[in-house]
Structure formats: C-alpha cells, structure tokens
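Text of structure_13.tsv (TSV, N, CA, C and O atoms) as supplied:
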chain	number	residue	atom	x	y	z
A	95	MET	N	21.78	7.08	20.07
A	95	MET	CA	20.77	6.04	20.02
A	95	MET	C	20.05	6.08	18.68
A	95	MET	O	19.72	7.13	18.19
A	96	ALA	N	19.79	4.90	18.17
A	96	ALA	CA	19.04	4.81	16.92
A	96	ALA	C	17.56	4.98	17.22
A	96	ALA	O	17.00	4.25	18.01
A	97	LYS	N	16.96	5.96	16.60
A	97	LYS	CA	15.54	6.23	16.85
A	97	LYS	C	14.70	5.11	16.24
A	97	LYS	O	14.88	4.74	15.10
A	98	GLY	N	13.80	4.58	17.04
A	98	GLY	CA	12.90	3.55	16.54
A	98	GLY	C	13.55	2.19	16.36
A	98	GLY	O	13.06	1.37	15.61
A	99	TYR	N	14.65	1.92	17.05
A	99	TYR	CA	15.33	0.62	16.93
A	99	TYR	C	14.43	-0.48	17.47
A	99	TYR	O	14.04	-0.47	18.62
A	100	LYS	N	14.05	-1.44	16.62
A	100	LYS	CA	13.10	-2.47	17.03
A	100	LYS	C	13.46	-3.86	16.51
A	100	LYS	O	12.59	-4.66	16.23
A	101	LYS	N	14.74	-4.19	16.39
A	101	LYS	CA	15.11	-5.51	15.89
A	101	LYS	C	14.64	-6.62	16.84
A	101	LYS	O	14.16	-7.65	16.40
A	102	PHE	N	14.79	-6.41	18.13
A	102	PHE	CA	14.41	-7.41	19.12
A	102	PHE	C	13.20	-6.90	19.91
A	102	PHE	O	13.32	-6.34	20.98
A	103	LYS	N	12.01	-7.12	19.36
A	103	LYS	CA	10.78	-6.65	20.00
A	103	LYS	C	10.38	-7.59	21.13
A	103	LYS	O	10.62	-8.80	21.06
A	104	GLU	N	9.72	-7.04	22.13
A	104	GLU	CA	9.22	-7.84	23.24
A	104	GLU	C	8.28	-8.92	22.72
A	104	GLU	O	7.42	-8.67	21.88
A	105	GLY	N	8.48	-10.15	23.20
A	105	GLY	CA	7.64	-11.28	22.80
A	105	GLY	C	8.18	-12.08	21.63
A	105	GLY	O	7.69	-13.18	21.36
A	106	VAL	N	9.22	-11.58	20.94
A	106	VAL	CA	9.80	-12.29	19.80
A	106	VAL	C	10.62	-13.49	20.30
A	106	VAL	O	11.30	-13.41	21.32
A	107	THR	N	10.56	-14.59	19.57
A	107	THR	CA	11.37	-15.76	19.89
A	107	THR	C	12.72	-15.63	19.20
A	107	THR	O	12.78	-15.27	18.03
A	108	VAL	N	13.78	-15.91	19.95
A	108	VAL	CA	15.14	-15.82	19.41
A	108	VAL	C	15.89	-17.13	19.63
A	108	VAL	O	15.59	-17.87	20.56
A	109	LYS	N	16.83	-17.38	18.75
A	109	LYS	CA	17.72	-18.53	18.89
A	109	LYS	C	19.01	-18.01	19.51
A	109	LYS	O	19.57	-17.00	19.07
A	110	VAL	N	19.49	-18.70	20.55
A	110	VAL	CA	20.70	-18.29	21.26
A	110	VAL	C	21.89	-19.08	20.70
A	110	VAL	O	21.81	-20.29	20.52
A	111	ALA	N	22.98	-18.38	20.41
A	111	ALA	CA	24.17	-19.01	19.83
A	111	ALA	C	24.72	-20.11	20.73
A	111	ALA	O	24.77	-19.98	21.95
A	112	GLN	N	25.13	-21.20	20.11
A	112	GLN	CA	25.65	-22.36	20.82
A	112	GLN	C	26.87	-22.00	21.65
A	112	GLN	O	27.05	-22.51	22.76
A	113	CYS	N	27.73	-21.10	21.16
A	113	CYS	CA	28.93	-20.73	21.90
A	113	CYS	C	28.58	-20.09	23.25
A	113	CYS	O	29.29	-20.29	24.24
A	114	TYR	N	27.47	-19.37	23.31
A	114	TYR	CA	27.03	-18.76	24.58
A	114	TYR	C	26.47	-19.83	25.51
A	114	TYR	O	26.73	-19.83	26.71
A	115	LEU	N	25.72	-20.77	24.96
A	115	LEU	CA	25.13	-21.84	25.76
A	115	LEU	C	26.19	-22.76	26.36
A	115	LEU	O	26.00	-23.32	27.44
A	116	GLU	N	27.30	-22.92	25.68
A	116	GLU	CA	28.37	-23.81	26.14
A	116	GLU	C	29.43	-23.11	26.98
A	116	GLU	O	30.34	-23.75	27.49
A	117	ASP	N	29.32	-21.80	27.13
A	117	ASP	CA	30.27	-21.04	27.93
A	117	ASP	C	30.22	-21.53	29.38
A	117	ASP	O	29.15	-21.80	29.91
A	118	GLU	N	31.37	-21.63	30.03
A	118	GLU	CA	31.42	-22.18	31.38
A	118	GLU	C	30.62	-21.37	32.40
A	118	GLU	O	30.15	-21.90	33.40
A	119	VAL	N	30.41	-20.11	32.13
A	119	VAL	CA	29.64	-19.26	33.06
A	119	VAL	C	28.15	-19.55	32.95
A	119	VAL	O	27.43	-19.51	33.95
A	120	THR	N	27.65	-19.87	31.77
A	120	THR	CA	26.21	-20.03	31.57
A	120	THR	C	25.75	-21.47	31.36
A	120	THR	O	24.56	-21.72	31.36
A	121	GLN	N	26.66	-22.42	31.21
A	121	GLN	CA	26.25	-23.76	30.81
A	121	GLN	C	25.37	-24.47	31.84
A	121	GLN	O	24.59	-25.34	31.48
A	122	ASN	N	25.42	-24.13	33.09
A	122	ASN	CA	24.57	-24.78	34.10
A	122	ASN	C	23.54	-23.81	34.67
A	122	ASN	O	23.07	-23.98	35.79
A	123	TYR	N	23.16	-22.82	33.91
A	123	TYR	CA	22.27	-21.77	34.38
A	123	TYR	C	20.80	-22.01	33.98
A	123	TYR	O	19.94	-21.25	34.33
A	124	GLY	N	20.52	-23.07	33.29
A	124	GLY	CA	19.14	-23.31	32.85
A	124	GLY	C	18.84	-22.63	31.54
A	124	GLY	O	17.74	-22.16	31.32
A	125	THR	N	19.85	-22.57	30.68
A	125	THR	CA	19.67	-21.95	29.36
A	125	THR	C	18.95	-22.91	28.42
A	125	THR	O	18.80	-24.09	28.72
A	126	SER	N	18.52	-22.39	27.28
A	126	SER	CA	17.91	-23.21	26.25
A	126	SER	C	18.27	-22.61	24.89
A	126	SER	O	18.68	-21.45	24.82
A	127	GLU	N	18.12	-23.38	23.84
A	127	GLU	CA	18.47	-22.90	22.50
A	127	GLU	C	17.57	-21.78	22.03
A	127	GLU	O	17.96	-20.99	21.19
A	128	THR	N	16.36	-21.73	22.55
A	128	THR	CA	15.45	-20.64	22.18
A	128	THR	C	15.02	-19.91	23.45
A	128	THR	O	15.01	-20.48	24.55
A	129	ALA	N	14.66	-18.66	23.25
A	129	ALA	CA	14.22	-17.82	24.36
A	129	ALA	C	13.25	-16.77	23.81
A	129	ALA	O	13.13	-16.62	22.60
A	130	THR	N	12.60	-16.06	24.72
A	130	THR	CA	11.67	-15.00	24.34
A	130	THR	C	12.18	-13.68	24.89
A	130	THR	O	12.59	-13.60	26.05
A	131	VAL	N	12.14	-12.66	24.07
A	131	VAL	CA	12.59	-11.33	24.50
A	131	VAL	C	11.58	-10.75	25.48
A	131	VAL	O	10.38	-10.73	25.20
A	132	PHE	N	12.08	-10.28	26.64
A	132	PHE	CA	11.19	-9.61	27.59
A	132	PHE	C	11.60	-8.15	27.82
A	132	PHE	O	10.82	-7.37	28.36
A	133	ALA	N	12.81	-7.77	27.40
A	133	ALA	CA	13.26	-6.38	27.54
A	133	ALA	C	13.94	-5.96	26.24
A	133	ALA	O	14.99	-6.50	25.88
A	134	GLU	N	13.31	-5.02	25.54
A	134	GLU	CA	13.82	-4.56	24.25
A	134	GLU	C	15.01	-3.61	24.43
A	134	GLU	O	14.99	-2.76	25.32
A	135	PRO	N	16.02	-3.75	23.58
A	135	PRO	CA	17.11	-2.76	23.59
A	135	PRO	C	16.65	-1.49	22.88
A	135	PRO	O	15.77	-1.53	22.04
A	136	SER	N	17.27	-0.37	23.23
A	136	SER	CA	16.89	0.89	22.58
A	136	SER	C	17.83	1.25	21.44
A	136	SER	O	17.58	2.17	20.69
A	137	ASP	N	18.93	0.50	21.30
A	137	ASP	CA	19.86	0.71	20.18
A	137	ASP	C	20.57	-0.60	19.88
A	137	ASP	O	20.31	-1.62	20.51
A	138	ASN	N	21.50	-0.59	18.93
A	138	ASN	CA	22.14	-1.84	18.51
A	138	ASN	C	23.29	-2.28	19.40
A	138	ASN	O	23.96	-3.26	19.10
A	139	GLU	N	23.52	-1.60	20.51
A	139	GLU	CA	24.59	-1.98	21.43
A	139	GLU	C	24.09	-2.43	22.80
A	139	GLU	O	24.80	-3.08	23.55
A	140	GLN	N	22.86	-2.10	23.14
A	140	GLN	CA	22.31	-2.42	24.45
A	140	GLN	C	22.02	-3.91	24.57
A	140	GLN	O	21.64	-4.56	23.60
A	141	LEU	N	22.17	-4.46	25.78
A	141	LEU	CA	21.85	-5.86	26.02
A	141	LEU	C	20.36	-6.11	25.87
A	141	LEU	O	19.54	-5.22	26.08
A	142	VAL	N	20.02	-7.35	25.52
A	142	VAL	CA	18.63	-7.77	25.34
A	142	VAL	C	18.23	-8.66	26.52
A	142	VAL	O	18.97	-9.58	26.88
A	143	GLY	N	17.08	-8.39	27.10
A	143	GLY	CA	16.56	-9.24	28.17
A	143	GLY	C	15.82	-10.41	27.56
A	143	GLY	O	14.90	-10.21	26.76
A	144	ILE	N	16.23	-11.64	27.91
A	144	ILE	CA	15.56	-12.83	27.37
A	144	ILE	C	15.11	-13.74	28.51
A	144	ILE	O	15.69	-13.76	29.58
A	145	ARG	N	14.07	-14.52	28.23
A	145	ARG	CA	13.55	-15.53	29.15
A	145	ARG	C	13.72	-16.88	28.46
A	145	ARG	O	13.14	-17.12	27.41
A	146	TYR	N	14.54	-17.75	29.08
A	146	TYR	CA	14.74	-19.09	28.53
A	146	TYR	C	13.49	-19.92	28.71
A	146	TYR	O	12.60	-19.57	29.50
A	147	GLU	N	13.40	-21.04	28.01
A	147	GLU	CA	12.23	-21.91	28.07
A	147	GLU	C	11.90	-22.36	29.49
A	147	GLU	O	10.74	-22.53	29.84
A	148	GLY	N	12.92	-22.53	30.33
A	148	GLY	CA	12.70	-22.96	31.72
A	148	GLY	C	12.30	-21.83	32.65
A	148	GLY	O	12.02	-22.05	33.82
A	149	GLY	N	12.28	-20.59	32.14
A	149	GLY	CA	11.85	-19.45	32.94
A	149	GLY	C	12.97	-18.55	33.44
A	149	GLY	O	12.70	-17.46	33.94
A	150	ASN	N	14.23	-18.99	33.35
A	150	ASN	CA	15.34	-18.15	33.81
A	150	ASN	C	15.48	-16.92	32.92
A	150	ASN	O	15.26	-16.99	31.71
A	151	LEU	N	15.85	-15.80	33.55
A	151	LEU	CA	16.05	-14.54	32.85
A	151	LEU	C	17.53	-14.28	32.66
A	151	LEU	O	18.35	-14.69	33.47
A	152	ASP	N	17.87	-13.55	31.59
A	152	ASP	CA	19.27	-13.24	31.30
A	152	ASP	C	19.29	-11.96	30.46
A	152	ASP	O	18.33	-11.66	29.75
A	153	PHE	N	20.37	-11.22	30.56
A	153	PHE	CA	20.63	-10.07	29.69
A	153	PHE	C	21.85	-10.42	28.87
A	153	PHE	O	22.92	-10.70	29.43
A	154	VAL	N	21.69	-10.45	27.54
A	154	VAL	CA	22.75	-10.95	26.66
A	154	VAL	C	23.06	-9.96	25.54
A	154	VAL	O	22.22	-9.15	25.16
A	155	PRO	N	24.27	-10.09	24.97
A	155	PRO	CA	24.63	-9.25	23.82
A	155	PRO	C	23.78	-9.63	22.60
A	155	PRO	O	23.42	-10.78	22.41
A	156	GLN	N	23.49	-8.65	21.78
A	156	GLN	CA	22.66	-8.88	20.60
A	156	GLN	C	23.30	-9.80	19.57
A	156	GLN	O	22.59	-10.52	18.86
A	157	ASP	N	24.63	-9.82	19.51
A	157	ASP	CA	25.29	-10.61	18.47
A	157	ASP	C	25.21	-12.12	18.68
A	157	ASP	O	25.58	-12.89	17.81
A	158	ILE	N	24.70	-12.57	19.83
A	158	ILE	CA	24.54	-14.01	20.03
A	158	ILE	C	23.10	-14.46	19.78
A	158	ILE	O	22.78	-15.63	19.95
A	159	LEU	N	22.24	-13.53	19.38
A	159	LEU	CA	20.83	-13.84	19.16
A	159	LEU	C	20.47	-13.75	17.69
A	159	LEU	O	21.00	-12.92	16.96
A	160	GLU	N	19.55	-14.61	17.29
A	160	GLU	CA	19.01	-14.59	15.93
A	160	GLU	C	17.49	-14.64	16.05
A	160	GLU	O	16.94	-15.54	16.69
A	161	VAL	N	16.82	-13.66	15.47
A	161	VAL	CA	15.35	-13.64	15.50
A	161	VAL	C	14.83	-14.78	14.66
A	161	VAL	O	15.24	-14.98	13.52
A	162	MET	N	13.92	-15.56	15.25
A	162	MET	CA	13.33	-16.70	14.54
A	162	MET	C	12.04	-16.28	13.87
A	162	MET	O	11.25	-15.54	14.45
A	163	LYS	N	11.84	-16.73	12.67
A	163	LYS	CA	10.61	-16.44	11.92
A	163	LYS	C	9.47	-17.26	12.53
A	163	LYS	O	9.66	-18.41	12.86
A	164	PRO	N	8.31	-16.67	12.68
A	164	PRO	CA	7.16	-17.43	13.19
A	164	PRO	C	6.80	-18.57	12.24
A	164	PRO	O	6.89	-18.41	11.03
A	165	LYS	N	6.39	-19.70	12.83
A	165	LYS	CA	5.97	-20.84	12.01
A	165	LYS	C	4.59	-20.57	11.46
A	165	LYS	O	3.72	-20.07	12.14
A	166	LYS	N	4.40	-20.95	10.20
A	166	LYS	CA	3.09	-20.74	9.55
A	166	LYS	C	2.27	-21.99	9.55
A	166	LYS	O	2.69	-23.05	9.60
Take the structure I supplied and represent it as structure tokens, if you would.
Amino acid sequence: MAKGYKKFKEGVTVKVAQCYLEDEVTQNYGTSETATVFAEPSDNEQLVGIRYEGGNLDFVPQDILEVMKPKK
C-alpha cells in the first residue's frame, strides 16, 4: 500500500469516463458524468466509492475517473 495515498479525497468531484457510462451494465443505473467521492481508496489499485448526481452509489476503478478542478 502506498502510504498517504490521497488522489481521490472524500468530497472531491470527479468526471466519470464516457465508456463506463455507456457500458450495458451501468447505462440504466442512474449514472451521471460527474460524481462525488464518498469512499477514499488507500492505494492506486483499490476501487473508489462515488455518489452520482442522482444519489446512486457505486464503486469504480480509478482509471475511469478524472479529478475535476474546483471552479474559481
């Protein structure tokens, strides 16, 4: 485990990859292009817990997420 791994901090807004949103398993699940992290991974391989805009929860691979910069 990477000590102090904090790429996906709780409360951060992330953009979800379009390929994941269009996947037949998740396309009718209430996904959205953006989500908020609710469960932080402890290393670069652990799944990330996200909450979609509609409130649905999901655990997804890190490689489909992009941390969004806060708007100024």
**Message:** Run DSSP on the backbone and tell me which residues of chain A come out as alpha helix (DSSP H); list them as a list in words.
**Reply:**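 Put together, the selection reads Gln112, Cys113, Tyr114 and Leu115 of chain A.
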**Fill in**
One residue among A:Asn138, A:Thr130, A:Thr107, A:Gln121 is nearest to Leu151 of chain A when using only N, CA, C and O atoms, and that residue is A:Thr130
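Atom CA of Thr125 of chain A lies 21.7 Å from atom CA of Lys101 of chain A.
The shortest atom-to-atom distance to Lys103 of chain A, with only C-alpha atoms taken into account, belongs to A:Glu134 out of A:Glu139, A:Pro155, A:Met162, A:Glu134.
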**Asked** What is the distance, in Å and to one decimal place, between atom O of Asp157 of chain A and atom O of Asn122 of chain A?
**Response**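 For atom O of Asp157 of chain A relative to atom O of Asn122 of chain A, the distance reads 21.3 Å.
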**Request:** Select, from A:Gly149, A:Val108, A:Gln140, A:Leu115, the residue with the minimum atom-to-atom distance to Glu127 of chain A, counting only N, CA, C and O atoms.
**Result:**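 Ranking A:Gly149, A:Val108, A:Gln140, A:Leu115 by distance to Glu127 of chain A, first place goes to A:Val108.
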Please determine an axis-aligned box that encloses all atoms of segment 134-143 of chain A listed in the file, with 6 Å added on each side, and express its centre and edge lengths in Å to one decimal as lines of an AutoDock Vina configuration file.
center_x = 19.1
center_y = -4.1
center_z = 23.3
size_x = 23.5
size_y = 24.6
size_z = 21.7
**Request:** Work out how far apart atom CA of Val142 of chain A and atom CA of Val106 of chain A are and give it in Å to one decimal.
**Result:** 11.4 Å
**Message:** Could you pull out the strand (DSSP E) residues of chain A, going by DSSP on the backbone, and write them as a list in words?
**Reply:** Thr107, Val108, Lys109, Val110, Thr128, Ala129, Thr130, Val131, Phe132, Ala133, Val142, Gly143, Ile144, Arg145, Tyr146, Leu151, Asp152, Phe153, Val154, Leu159, Glu160 and Val161 of chain A
**Message:** Within 6 Å of (22.1, -16.2, 25.6) in the file's own coordinates, which protein, DNA or RNA residues have an atom, counting only N, CA, C and O atoms? List them as JSON, numbers by chain.
**Reply:** {"A": [110, 111, 114, 115, 154, 158]}
Go ahead and save the residues from that selection, with N, CA, C and O atoms, as an mmCIF file, keeping the file's coordinate frame.
data_model
loop_
_atom_site.group_PDB
_atom_site.id
_atom_site.type_symbol
_atom_site.label_atom_id
_atom_site.label_comp_id
_atom_site.auth_asym_id
_atom_site.auth_seq_id
_atom_site.Cartn_x
_atom_site.Cartn_y
_atom_site.Cartn_z
ATOM 1 N N VAL A 110 19.490 -18.700 20.550
ATOM 2 C CA VAL A 110 20.700 -18.290 21.260
ATOM 3 C C VAL A 110 21.890 -19.080 20.700
ATOM 4 O O VAL A 110 21.810 -20.290 20.520
ATOM 5 N N ALA A 111 22.980 -18.380 20.410
ATOM 6 C CA ALA A 111 24.170 -19.010 19.830
ATOM 7 C C ALA A 111 24.720 -20.110 20.730
ATOM 8 O O ALA A 111 24.770 -19.980 21.950
ATOM 9 N N TYR A 114 27.470 -19.370 23.310
ATOM 10 C CA TYR A 114 27.030 -18.760 24.580
ATOM 11 C C TYR A 114 26.470 -19.830 25.510
ATOM 12 O O TYR A 114 26.730 -19.830 26.710
ATOM 13 N N LEU A 115 25.720 -20.770 24.960
ATOM 14 C CA LEU A 115 25.130 -21.840 25.760
ATOM 15 C C LEU A 115 26.190 -22.760 26.360
ATOM 16 O O LEU A 115 26.000 -23.320 27.440
ATOM 17 N N VAL A 154 21.690 -10.450 27.540
ATOM 18 C CA VAL A 154 22.750 -10.950 26.660
ATOM 19 C C VAL A 154 23.060 -9.960 25.540
ATOM 20 O O VAL A 154 22.220 -9.150 25.160
ATOM 21 N N ILE A 158 24.700 -12.570 19.830
ATOM 22 C CA ILE A 158 24.540 -14.010 20.030
ATOM 23 C C ILE A 158 23.100 -14.460 19.780
ATOM 24 O O ILE A 158 22.780 -15.630 19.950
#
**Request:** Please provide as an MDAnalysis selection string all residues within 7 Å of Phe153 of chain A, with the sequence filter that same-chain residues fewer than 2 positions apart are discarded (counting only C-alpha atoms).
**Result:** chainID A and resid 141:144
**Message:** With distances taken over only N, CA, C and O atoms, which residue among A:Lys109, A:Phe102, A:Thr120, A:Leu159 lies nearest Phe132 of chain A?
**Reply:** A:Phe102
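Closest approach to Ser136 of chain A among A:Asn150, A:Gln112, A:Gln156, A:Gly105: A:Gln156, based on only C-alpha atoms.
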**Prompt:** With distances taken over only N, CA, C and O atoms, which of A:Lys100, A:Lys163, A:Asp152, A:Tyr146 is nearest to Ala129 of chain A?
**Reply:**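 For Ala129 of chain A, the nearest of the candidates is A:Tyr146.
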